[in-house]
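Undergrad: Here's a structure for you.
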Amino acid sequence: MTRGPAEGMRGLSAFDYARWIRGAAALLAAGTLTACSAVCPPAPTPTPTAIVTAPPAAPTATPAGGISLLYEAEDAQLIGLERYTHPNGGAYVGLWDDAGCSLTFCVTVPAAGVYELSFSTASYDDESYNTVAVNDRTFYEALYTAGEDFGPSGIKARLNQGDNTVTVSAGWGWFYVDSLRVSTAQGISPFAYAVDGALSDAEASPNAQKLMRHLVAEYGKRTLSGQYASDRGINSPEVQAIYGLTGKYPAIIGFDLMDYSPSRVERGAQTKQTDYALQWGRRGGIVTAIWHWNAPKDLTDTQEQPWWRGFYTQGTTFDLDAALNGSDENGYALLLRDMDAIAAQLKRLADEDIPVLWRPLHEGSGGWFWWGAYGADNYKKLWKLMYQRFTQVHHLHNLIWVYNGQDAQWYPGDDYVDIIAEDVYTQPRDYESHYHLFEKALGYTRQTKIIGLAETGVLPDPALLAGDNARWSFFITWCDLYVVDKAGNLSDVYNEPAHINDVYHSDDVVTYDELPQWGEYPAQ
């Protein structure tokens with residue numbers, strides 16, 4: 001999809017942004033559920049080997065008692081899959097090389113509650129992301145397989161007392177399954193929401209402290225609504241479509257500083273994103289900002305990868321490692337030049353003490369953006385360089401730093417991060433809580449941090465957030481096709497209008513009209 005330099009974010013879908021490398025095809029595979037009675041044999045003893053290490057417990061929210069059940073993949077119901085034999089005996093199945101392939105286990109447990117579903121899997125080539133459906137809930141691409149040797153990969157899920165169907169279907173990448181082990185597990189702890197709210201910047205501005213204090217107060221109770229604006233801020237098609245439907249504005253509006261990148265400006269890019277952010281911040285709305293950072297130099301600028309795709313790894317040959325290790329002094333100087341250009345825009349907000357949920361270098365671990373193409377160490381160096389330059393050189397103390405690298409190994413450290421956030425794009429109308437991502441983010445650090453959903457194509461169902469105790473601090477829906485059609489009218493492709501209305505009117509969701517008067521809000 002193409003666009004000109006002054007179009008802001010309009011015309012470029014989040015598939016194009018966030019899933020370029022993996023491709024839209026990865027999102028089209030859907031799980032096929034089979035009724036449990038058709039999978040489980042009628043005999044009292046199920047076909048899969050069951051190892052019970054403790055007596056059945058009464059149904060509880062979180063079952064106790066060390067249940068461990070082993071199911072062999074070759075004994076499950078297979079559609080379009082082949083059986084293979086291990087060199088040392090035993091069997092496994094694969095290959096999920098067609099969208100219709102699936103494997104369905106019938107899992108029988110003595111008590112309802114949260115269970116660990118640990119699959120023994122191996123990738124056909126490098127890595128894979130596949131879909132798991134548990135009864136009537138589907139977790140798209142949640143089953144990650146890291147390599148070609150068999151190892152554990154799993155998710156947590158709520159199971160009903162008695163029979164449950166667990167179906168593995170195609171996603172992105174071919175892989176093999178040897179077995180499934182089901183064992184008791186703990187859900188997300190209430191202590192996950194015990195955040196002290198201290199900001200990493202010791203000189204954080206009064207309004208940055210107020211905003212963080214408010215986020216802490218709501219965390220674990222209610223989720224703040226958010227929407228990225230393709231252009232014109234509060235007057236963007238997405239925000240106005242939501243307001244026209246619900247009569248409410250989101251608590252958070254997102255802005256992209258992409259077209260302030262010097263390598264875009266010198267090619268004619270223009271934008272008023274900071275003006276729109278100021279307008280929203282002056283109204284008391286919460287501002288979040290990202291930066292699709294066009295590489296400082298060495299843009300490929302070909303027909304396939306034009307200059308305005310210079311934030312992609314494929315759109316530039318800029319060597320981040322060389323710039324950071326001293327072998328490319330000009331590259332390092334250009335990094336600072338670019339940071340200074342963005343700092344100048346953020347300073348306009350700082351001058352009015354408008355706090356910003358600042359989410360730089362997003363999705364770094366995916367590798368599809370150049371700032372993630374040279375590994376975790378260089379990513380962390382770049383993060384710290386930006387943090388120090390913004391806070392110590394430009395004295396930007398209105399920023400709340402949101403880490404969105406989406407991997408524990410890429411986490412730059414508690415001294416440089418205030419909030420952790422995840423991005424997720426799945427199927428249209430998939431209103432899941434994505435609690436497996438929430439729990440994953442909790443593991444990035446031993447320090448308790450607020451967890452947010454920084455980008456999503458679909459608004460999560462507040463009832464599922466509450467039921468799974470996965471109470472994201474905020475969700476922020478991406479712009480364009482996720483909310484409106486090409487004419488700027490409300491679209492029902494990814495989010496049904498009735499669902500949007502229900503979410504924005506939920507008691508568990510905070511909208512703009514429910515935000516405090518910041519002038520009266522205590523900073524400490």
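Chain labels follow the order of the structure tokens: the first chain is A, the next B, and so on; residue numbering restarts at 1 in every chain, and ligands are counted from 1 in their shown order.
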Pick out the residues sitting within 7 Å of Ala343 in chain A, and hand them over as a PyMOL selection string; count only C-alpha atoms, and ignore anything fewer than 3 positions along from it in its own chain.
TA: chain A and resi 339-340+346-347+390+394
Undergrad: Give me the residues near Arg264 in chain A as an NGL selection string, where near means some atom within 12 Å (using only C-alpha atoms) and where sequence neighbours in that chain fewer than 6 positions away do not count.
TA: :A and (4-8 or 257-258 or 270-271 or 292-297 or 299 or 301 or 306-311 or 338 or 341)
Undergrad: Any chance you could list, as a ChimeraX atom specification, the residues in range 234-406 of chain A that come up helix (DSSP H, G or I) when DSSP is run on the backbone?
TA: /A:234-235,237-246,258-260,262-265,273-282,307-309,313-315,320-325,329-350,364-366,370-372,375-393
Undergrad: Using only C-alpha atoms, determine which residues lie at most 10 Å from Asp507 in chain A, disregarding the query and same-chain residues fewer than 5 positions distant; provide the list as number ranges by chain.
TA: A: 221-223, 462, 502
Undergrad: Got time to write the residues from that selection, all heavy atoms, as a CSV table (one decimal), in the first residue's frame?
TA:
```csv
chain,number,residue,atom,x,y,z
A,221,LYS,N,-8.6,-2.1,38.4
A,221,LYS,CA,-10.1,-1.8,38.6
A,221,LYS,C,-10.8,-1.5,37.3
A,221,LYS,O,-11.8,-2.1,36.9
A,221,LYS,CB,-10.3,-0.6,39.6
A,221,LYS,CG,-9.6,-0.8,40.9
A,221,LYS,CD,-9.8,0.4,41.8
A,221,LYS,CE,-9.0,0.3,43.1
A,221,LYS,NZ,-7.5,0.4,42.9
A,222,ARG,N,-10.3,-0.5,36.6
A,222,ARG,CA,-10.9,-0.1,35.3
A,222,ARG,C,-9.8,0.1,34.3
A,222,ARG,O,-8.6,0.4,34.6
A,222,ARG,CB,-11.7,1.2,35.5
A,222,ARG,CG,-12.8,1.0,36.5
A,222,ARG,CD,-13.9,2.1,36.3
A,222,ARG,NE,-13.3,3.5,36.5
A,222,ARG,CZ,-13.9,4.6,36.2
A,222,ARG,NH1,-15.1,4.6,35.6
A,222,ARG,NH2,-13.4,5.8,36.4
A,223,THR,N,-10.2,0.0,33.0
A,223,THR,CA,-9.2,0.1,31.9
A,223,THR,C,-9.5,1.4,31.1
A,223,THR,O,-10.7,1.7,30.8
A,223,THR,CB,-9.3,-1.1,30.9
A,223,THR,OG1,-9.0,-2.3,31.7
A,223,THR,CG2,-8.4,-0.9,29.7
A,462,PRO,N,-14.7,-6.1,28.1
A,462,PRO,CA,-14.4,-5.8,29.5
A,462,PRO,C,-14.8,-7.0,30.4
A,462,PRO,O,-14.2,-7.2,31.4
A,462,PRO,CB,-15.3,-4.6,29.8
A,462,PRO,CG,-15.4,-3.9,28.5
A,462,PRO,CD,-15.5,-5.0,27.5
A,502,ASP,N,-20.9,-0.9,23.6
A,502,ASP,CA,-20.9,-1.6,24.9
A,502,ASP,C,-19.6,-1.3,25.7
A,502,ASP,O,-19.6,-1.1,26.9
A,502,ASP,CB,-21.1,-3.1,24.7
A,502,ASP,CG,-22.5,-3.5,24.3
A,502,ASP,OD1,-23.4,-2.6,24.4
A,502,ASP,OD2,-22.7,-4.6,23.8
```
Undergrad: Just want the 9 Å neighbourhood of Leu320 in chain A, counted on only C-alpha atoms, with same-chain residues fewer than 5 positions away dropped. Output as a PDB file with all heavy atoms, in the first residue's frame.
TA:
```
ATOM      1  N   ASN A 325      28.711   1.542  18.014  1.00  0.00           N
ATOM      2  CA  ASN A 325      30.014   1.044  18.492  1.00  0.00           C
ATOM      3  C   ASN A 325      31.182   1.957  18.118  1.00  0.00           C
ATOM      4  O   ASN A 325      32.337   1.650  18.413  1.00  0.00           O
ATOM      5  CB  ASN A 325      30.268  -0.389  18.000  1.00  0.00           C
ATOM      6  CG  ASN A 325      30.491  -0.482  16.492  1.00  0.00           C
ATOM      7  OD1 ASN A 325      30.850   0.490  15.837  1.00  0.00           O
ATOM      8  ND2 ASN A 325      30.290  -1.678  15.941  1.00  0.00           N
ATOM      9  N   ASP A 328      30.940   4.105  12.935  1.00  0.00           N
ATOM     10  CA  ASP A 328      30.259   5.037  12.031  1.00  0.00           C
ATOM     11  C   ASP A 328      29.914   6.292  12.831  1.00  0.00           C
ATOM     12  O   ASP A 328      28.809   6.433  13.344  1.00  0.00           O
ATOM     13  CB  ASP A 328      29.001   4.392  11.442  1.00  0.00           C
ATOM     14  CG  ASP A 328      28.264   5.318  10.477  1.00  0.00           C
ATOM     15  OD1 ASP A 328      28.764   6.430  10.192  1.00  0.00           O
ATOM     16  OD2 ASP A 328      27.160   4.928  10.016  1.00  0.00           O
ATOM     17  N   GLY A 331      26.954   8.195  11.502  1.00  0.00           N
ATOM     18  CA  GLY A 331      25.692   7.531  11.855  1.00  0.00           C
ATOM     19  C   GLY A 331      25.259   7.862  13.265  1.00  0.00           C
ATOM     20  O   GLY A 331      24.073   8.106  13.526  1.00  0.00           O
ATOM     21  N   TYR A 332      26.211   7.890  14.190  1.00  0.00           N
ATOM     22  CA  TYR A 332      25.903   8.232  15.579  1.00  0.00           C
ATOM     23  C   TYR A 332      25.424   9.680  15.677  1.00  0.00           C
ATOM     24  O   TYR A 332      24.429   9.984  16.357  1.00  0.00           O
ATOM     25  CB  TYR A 332      27.127   8.021  16.455  1.00  0.00           C
ATOM     26  CG  TYR A 332      26.891   8.310  17.926  1.00  0.00           C
ATOM     27  CD1 TYR A 332      26.277   7.365  18.744  1.00  0.00           C
ATOM     28  CD2 TYR A 332      27.282   9.527  18.484  1.00  0.00           C
ATOM     29  CE1 TYR A 332      26.061   7.622  20.095  1.00  0.00           C
ATOM     30  CE2 TYR A 332      27.059   9.796  19.824  1.00  0.00           C
ATOM     31  CZ  TYR A 332      26.454   8.843  20.631  1.00  0.00           C
ATOM     32  OH  TYR A 332      26.225   9.102  21.952  1.00  0.00           O
ATOM     33  N   TRP A 370      13.965  -1.070  11.795  1.00  0.00           N
ATOM     34  CA  TRP A 370      15.432  -1.061  11.801  1.00  0.00           C
ATOM     35  C   TRP A 370      16.015  -0.976  13.195  1.00  0.00           C
ATOM     36  O   TRP A 370      17.117  -1.486  13.442  1.00  0.00           O
ATOM     37  CB  TRP A 370      15.974   0.064  10.911  1.00  0.00           C
ATOM     38  CG  TRP A 370      15.653   1.470  11.363  1.00  0.00           C
ATOM     39  CD1 TRP A 370      14.656   2.266  10.905  1.00  0.00           C
ATOM     40  CD2 TRP A 370      16.364   2.231  12.345  1.00  0.00           C
ATOM     41  NE1 TRP A 370      14.668   3.481  11.546  1.00  0.00           N
ATOM     42  CE2 TRP A 370      15.714   3.490  12.431  1.00  0.00           C
ATOM     43  CE3 TRP A 370      17.471   1.998  13.156  1.00  0.00           C
ATOM     44  CZ2 TRP A 370      16.140   4.492  13.306  1.00  0.00           C
ATOM     45  CZ3 TRP A 370      17.894   3.003  14.024  1.00  0.00           C
ATOM     46  CH2 TRP A 370      17.233   4.226  14.098  1.00  0.00           C
ATOM     47  N   TRP A 371      15.317  -0.346  14.127  1.00  0.00           N
ATOM     48  CA  TRP A 371      15.861  -0.248  15.486  1.00  0.00           C
ATOM     49  C   TRP A 371      15.853  -1.588  16.227  1.00  0.00           C
ATOM     50  O   TRP A 371      16.441  -1.700  17.292  1.00  0.00           O
ATOM     51  CB  TRP A 371      15.101   0.804  16.296  1.00  0.00           C
ATOM     52  CG  TRP A 371      13.604   0.654  16.285  1.00  0.00           C
ATOM     53  CD1 TRP A 371      12.850  -0.149  17.095  1.00  0.00           C
ATOM     54  CD2 TRP A 371      12.683   1.333  15.432  1.00  0.00           C
ATOM     55  NE1 TRP A 371      11.516  -0.017  16.798  1.00  0.00           N
ATOM     56  CE2 TRP A 371      11.384   0.894  15.787  1.00  0.00           C
ATOM     57  CE3 TRP A 371      12.829   2.268  14.419  1.00  0.00           C
ATOM     58  CZ2 TRP A 371      10.230   1.367  15.146  1.00  0.00           C
ATOM     59  CZ3 TRP A 371      11.674   2.739  13.785  1.00  0.00           C
ATOM     60  CH2 TRP A 371      10.411   2.294  14.143  1.00  0.00           C
ATOM     61  N   ALA A 373      16.694  -4.461  14.343  1.00  0.00           N
ATOM     62  CA  ALA A 373      17.344  -5.370  13.398  1.00  0.00           C
ATOM     63  C   ALA A 373      18.739  -5.804  13.820  1.00  0.00           C
ATOM     64  O   ALA A 373      19.325  -6.677  13.182  1.00  0.00           O
ATOM     65  CB  ALA A 373      17.404  -4.712  12.014  1.00  0.00           C
ATOM     66  N   TYR A 374      19.277  -5.187  14.880  1.00  0.00           N
ATOM     67  CA  TYR A 374      20.656  -5.494  15.276  1.00  0.00           C
ATOM     68  C   TYR A 374      20.742  -6.061  16.688  1.00  0.00           C
ATOM     69  O   TYR A 374      21.763  -5.930  17.354  1.00  0.00           O
ATOM     70  CB  TYR A 374      21.529  -4.242  15.119  1.00  0.00           C
ATOM     71  CG  TYR A 374      21.813  -3.918  13.672  1.00  0.00           C
ATOM     72  CD1 TYR A 374      20.915  -3.175  12.917  1.00  0.00           C
ATOM     73  CD2 TYR A 374      22.948  -4.413  13.037  1.00  0.00           C
ATOM     74  CE1 TYR A 374      21.154  -2.908  11.579  1.00  0.00           C
ATOM     75  CE2 TYR A 374      23.198  -4.147  11.698  1.00  0.00           C
ATOM     76  CZ  TYR A 374      22.294  -3.394  10.975  1.00  0.00           C
ATOM     77  OH  TYR A 374      22.530  -3.135   9.645  1.00  0.00           O
ATOM     78  N   ASN A 378      21.948  -3.833  21.189  1.00  0.00           N
ATOM     79  CA  ASN A 378      21.936  -2.534  20.512  1.00  0.00           C
ATOM     80  C   ASN A 378      20.622  -1.798  20.744  1.00  0.00           C
ATOM     81  O   ASN A 378      20.605  -0.567  20.864  1.00  0.00           O
ATOM     82  CB  ASN A 378      22.191  -2.711  19.016  1.00  0.00           C
ATOM     83  CG  ASN A 378      23.658  -2.913  18.703  1.00  0.00           C
ATOM     84  OD1 ASN A 378      24.515  -2.180  19.182  1.00  0.00           O
ATOM     85  ND2 ASN A 378      23.966  -3.928  17.913  1.00  0.00           N
ATOM     86  N   TYR A 379      19.543  -2.549  20.810  1.00  0.00           N
ATOM     87  CA  TYR A 379      18.247  -1.926  21.101  1.00  0.00           C
ATOM     88  C   TYR A 379      18.285  -1.260  22.472  1.00  0.00           C
ATOM     89  O   TYR A 379      17.847  -0.111  22.629  1.00  0.00           O
ATOM     90  CB  TYR A 379      17.146  -2.987  21.053  1.00  0.00           C
ATOM     91  CG  TYR A 379      15.777  -2.489  21.444  1.00  0.00           C
ATOM     92  CD1 TYR A 379      14.915  -1.936  20.500  1.00  0.00           C
ATOM     93  CD2 TYR A 379      15.327  -2.586  22.760  1.00  0.00           C
ATOM     94  CE1 TYR A 379      13.649  -1.489  20.849  1.00  0.00           C
ATOM     95  CE2 TYR A 379      14.069  -2.139  23.127  1.00  0.00           C
ATOM     96  CZ  TYR A 379      13.233  -1.593  22.164  1.00  0.00           C
ATOM     97  OH  TYR A 379      11.984  -1.140  22.539  1.00  0.00           O
ATOM     98  N   LEU A 382      20.330   1.887  22.429  1.00  0.00           N
ATOM     99  CA  LEU A 382      19.627   2.984  21.788  1.00  0.00           C
ATOM    100  C   LEU A 382      18.562   3.558  22.705  1.00  0.00           C
ATOM    101  O   LEU A 382      18.387   4.782  22.784  1.00  0.00           O
ATOM    102  CB  LEU A 382      18.998   2.491  20.478  1.00  0.00           C
ATOM    103  CG  LEU A 382      18.316   3.557  19.614  1.00  0.00           C
ATOM    104  CD1 LEU A 382      19.317   4.613  19.163  1.00  0.00           C
ATOM    105  CD2 LEU A 382      17.623   2.906  18.412  1.00  0.00           C
TER     106      LEU A 382
END
```
Undergrad: Smallest atom-to-atom distance to Gln345 in chain A: which of A:Cys106, A:Leu396, A:Gly151, A:Tyr387, using only C-alpha atoms?
TA: A:Leu396
Undergrad: Can you list, as an NGL selection string, every protein, DNA or RNA residue that comes within 9 Å of Val424 in chain A when you count only C-alpha atoms, leaving out same-chain residues fewer than 4 positions away?
TA: :A and (18 or 434 or 437 or 453-458)
Undergrad: Quick one: residues within 10 Å of Thr145 in chain A, only C-alpha atoms, excluding same-chain residues fewer than 2 positions away - as an NGL selection string?
TA: :A and (119-130 or 142-143 or 147-154 or 173-177)
Undergrad: Using only C-alpha atoms, find the one residue out of A:Ala498, A:Ile290, A:Ala198, A:Leu490 that sits nearest to Ser261 in chain A.
TA: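 Under the stated criterion, the closest residue is A:Ile290.
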Undergrad: Tell me which of A:Ala487, A:Ile67, A:Ile500, A:Leu224 sits closest to Asp461 in chain A, counting only C-alpha atoms.
TA: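 Nearest candidate to Asp461 in chain A out of A:Ala487, A:Ile67, A:Ile500, A:Leu224: A:Ile500.
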Undergrad: What's the 8 Å shell around Trp401 in chain A, counting only C-alpha atoms, without same-chain residues fewer than 6 positions away, as JSON, numbers by chain?
TA: {"A": [357, 358, 359, 416, 417, 418, 419]}
Undergrad: What would the file look like if the residues just selected were written as a PDB file, in the first residue's frame with all heavy atoms?
TA:
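File written: out-v5.pdb
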```
ATOM      1  N   LEU A 357       2.461   9.753  27.397  1.00  0.00           N
ATOM      2  CA  LEU A 357       2.828   8.341  27.455  1.00  0.00           C
ATOM      3  C   LEU A 357       3.700   8.081  26.229  1.00  0.00           C
ATOM      4  O   LEU A 357       3.219   7.878  25.115  1.00  0.00           O
ATOM      5  CB  LEU A 357       1.579   7.462  27.432  1.00  0.00           C
ATOM      6  CG  LEU A 357       0.596   7.624  28.605  1.00  0.00           C
ATOM      7  CD1 LEU A 357      -0.643   6.763  28.395  1.00  0.00           C
ATOM      8  CD2 LEU A 357       1.267   7.279  29.926  1.00  0.00           C
ATOM      9  N   TRP A 358       5.007   8.131  26.438  1.00  0.00           N
ATOM     10  CA  TRP A 358       5.985   8.104  25.349  1.00  0.00           C
ATOM     11  C   TRP A 358       6.408   6.668  25.088  1.00  0.00           C
ATOM     12  O   TRP A 358       6.998   6.012  25.947  1.00  0.00           O
ATOM     13  CB  TRP A 358       7.168   8.988  25.712  1.00  0.00           C
ATOM     14  CG  TRP A 358       8.327   8.965  24.762  1.00  0.00           C
ATOM     15  CD1 TRP A 358       9.631   8.694  25.077  1.00  0.00           C
ATOM     16  CD2 TRP A 358       8.318   9.253  23.351  1.00  0.00           C
ATOM     17  NE1 TRP A 358      10.431   8.792  23.963  1.00  0.00           N
ATOM     18  CE2 TRP A 358       9.644   9.136  22.879  1.00  0.00           C
ATOM     19  CE3 TRP A 358       7.306   9.592  22.448  1.00  0.00           C
ATOM     20  CZ2 TRP A 358       9.983   9.344  21.547  1.00  0.00           C
ATOM     21  CZ3 TRP A 358       7.642   9.787  21.107  1.00  0.00           C
ATOM     22  CH2 TRP A 358       8.970   9.679  20.680  1.00  0.00           C
ATOM     23  N   ARG A 359       6.114   6.173  23.872  1.00  0.00           N
ATOM     24  CA  ARG A 359       6.345   4.762  23.522  1.00  0.00           C
ATOM     25  C   ARG A 359       7.286   4.679  22.326  1.00  0.00           C
ATOM     26  O   ARG A 359       6.888   4.400  21.196  1.00  0.00           O
ATOM     27  CB  ARG A 359       5.011   4.082  23.221  1.00  0.00           C
ATOM     28  CG  ARG A 359       5.110   2.593  22.914  1.00  0.00           C
ATOM     29  CD  ARG A 359       3.747   1.944  22.896  1.00  0.00           C
ATOM     30  NE  ARG A 359       2.903   2.446  21.831  1.00  0.00           N
ATOM     31  CZ  ARG A 359       2.744   1.879  20.636  1.00  0.00           C
ATOM     32  NH1 ARG A 359       3.404   0.771  20.333  1.00  0.00           N
ATOM     33  NH2 ARG A 359       1.931   2.399  19.735  1.00  0.00           N
ATOM     34  N   TYR A 416      14.814   2.823  33.456  1.00  0.00           N
ATOM     35  CA  TYR A 416      14.527   3.513  32.200  1.00  0.00           C
ATOM     36  C   TYR A 416      13.096   3.277  31.710  1.00  0.00           C
ATOM     37  O   TYR A 416      12.749   3.695  30.608  1.00  0.00           O
ATOM     38  CB  TYR A 416      15.507   3.056  31.112  1.00  0.00           C
ATOM     39  CG  TYR A 416      16.955   3.230  31.491  1.00  0.00           C
ATOM     40  CD1 TYR A 416      17.667   2.202  32.106  1.00  0.00           C
ATOM     41  CD2 TYR A 416      17.611   4.435  31.255  1.00  0.00           C
ATOM     42  CE1 TYR A 416      19.004   2.369  32.462  1.00  0.00           C
ATOM     43  CE2 TYR A 416      18.942   4.604  31.604  1.00  0.00           C
ATOM     44  CZ  TYR A 416      19.632   3.565  32.212  1.00  0.00           C
ATOM     45  OH  TYR A 416      20.948   3.738  32.565  1.00  0.00           O
ATOM     46  N   VAL A 417      12.291   2.614  32.511  1.00  0.00           N
ATOM     47  CA  VAL A 417      10.949   2.220  32.077  1.00  0.00           C
ATOM     48  C   VAL A 417       9.946   2.507  33.186  1.00  0.00           C
ATOM     49  O   VAL A 417      10.199   2.215  34.358  1.00  0.00           O
ATOM     50  CB  VAL A 417      10.905   0.718  31.712  1.00  0.00           C
ATOM     51  CG1 VAL A 417       9.472   0.261  31.438  1.00  0.00           C
ATOM     52  CG2 VAL A 417      11.790   0.424  30.512  1.00  0.00           C
ATOM     53  N   ASP A 418       8.788   3.049  32.797  1.00  0.00           N
ATOM     54  CA  ASP A 418       7.706   3.302  33.748  1.00  0.00           C
ATOM     55  C   ASP A 418       6.534   2.348  33.558  1.00  0.00           C
ATOM     56  O   ASP A 418       5.905   1.918  34.523  1.00  0.00           O
ATOM     57  CB  ASP A 418       7.198   4.748  33.600  1.00  0.00           C
ATOM     58  CG  ASP A 418       8.284   5.765  33.858  1.00  0.00           C
ATOM     59  OD1 ASP A 418       8.947   5.671  34.905  1.00  0.00           O
ATOM     60  OD2 ASP A 418       8.484   6.643  32.990  1.00  0.00           O
ATOM     61  N   ILE A 419       6.228   2.032  32.318  1.00  0.00           N
ATOM     62  CA  ILE A 419       5.086   1.186  31.966  1.00  0.00           C
ATOM     63  C   ILE A 419       5.545   0.178  30.918  1.00  0.00           C
ATOM     64  O   ILE A 419       6.399   0.473  30.085  1.00  0.00           O
ATOM     65  CB  ILE A 419       3.928   2.042  31.406  1.00  0.00           C
ATOM     66  CG1 ILE A 419       3.334   2.925  32.518  1.00  0.00           C
ATOM     67  CG2 ILE A 419       2.837   1.178  30.782  1.00  0.00           C
ATOM     68  CD1 ILE A 419       2.279   3.904  32.018  1.00  0.00           C
TER      69      ILE A 419
END
```
Undergrad: Hey, can you check how far CA of Ile476 in chain A sits from CA of Gln227 in chain A?
TA: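 CA of Gln227 in chain A lies at a distance of 4.9 Å from CA of Ile476 in chain A.
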Undergrad: List as JSON lines every residue of range 216-236 of chain A that is in contact with range 192-195 of chain A, defined as an atom at most 7 Å from one of its atoms (using only C-alpha atoms), together with the nearest atom pair and the distance in Å rounded to one decimal, sorted by chain and then rising number.
TA:
```
{"residue": "A:Val216", "atom": "CA", "partner": "A:Val195", "partner_atom": "CA", "distance": 6.5}
{"residue": "A:Tyr219", "atom": "CA", "partner": "A:Tyr193", "partner_atom": "CA", "distance": 6.3}
{"residue": "A:Gly220", "atom": "CA", "partner": "A:Tyr193", "partner_atom": "CA", "distance": 5.5}
```
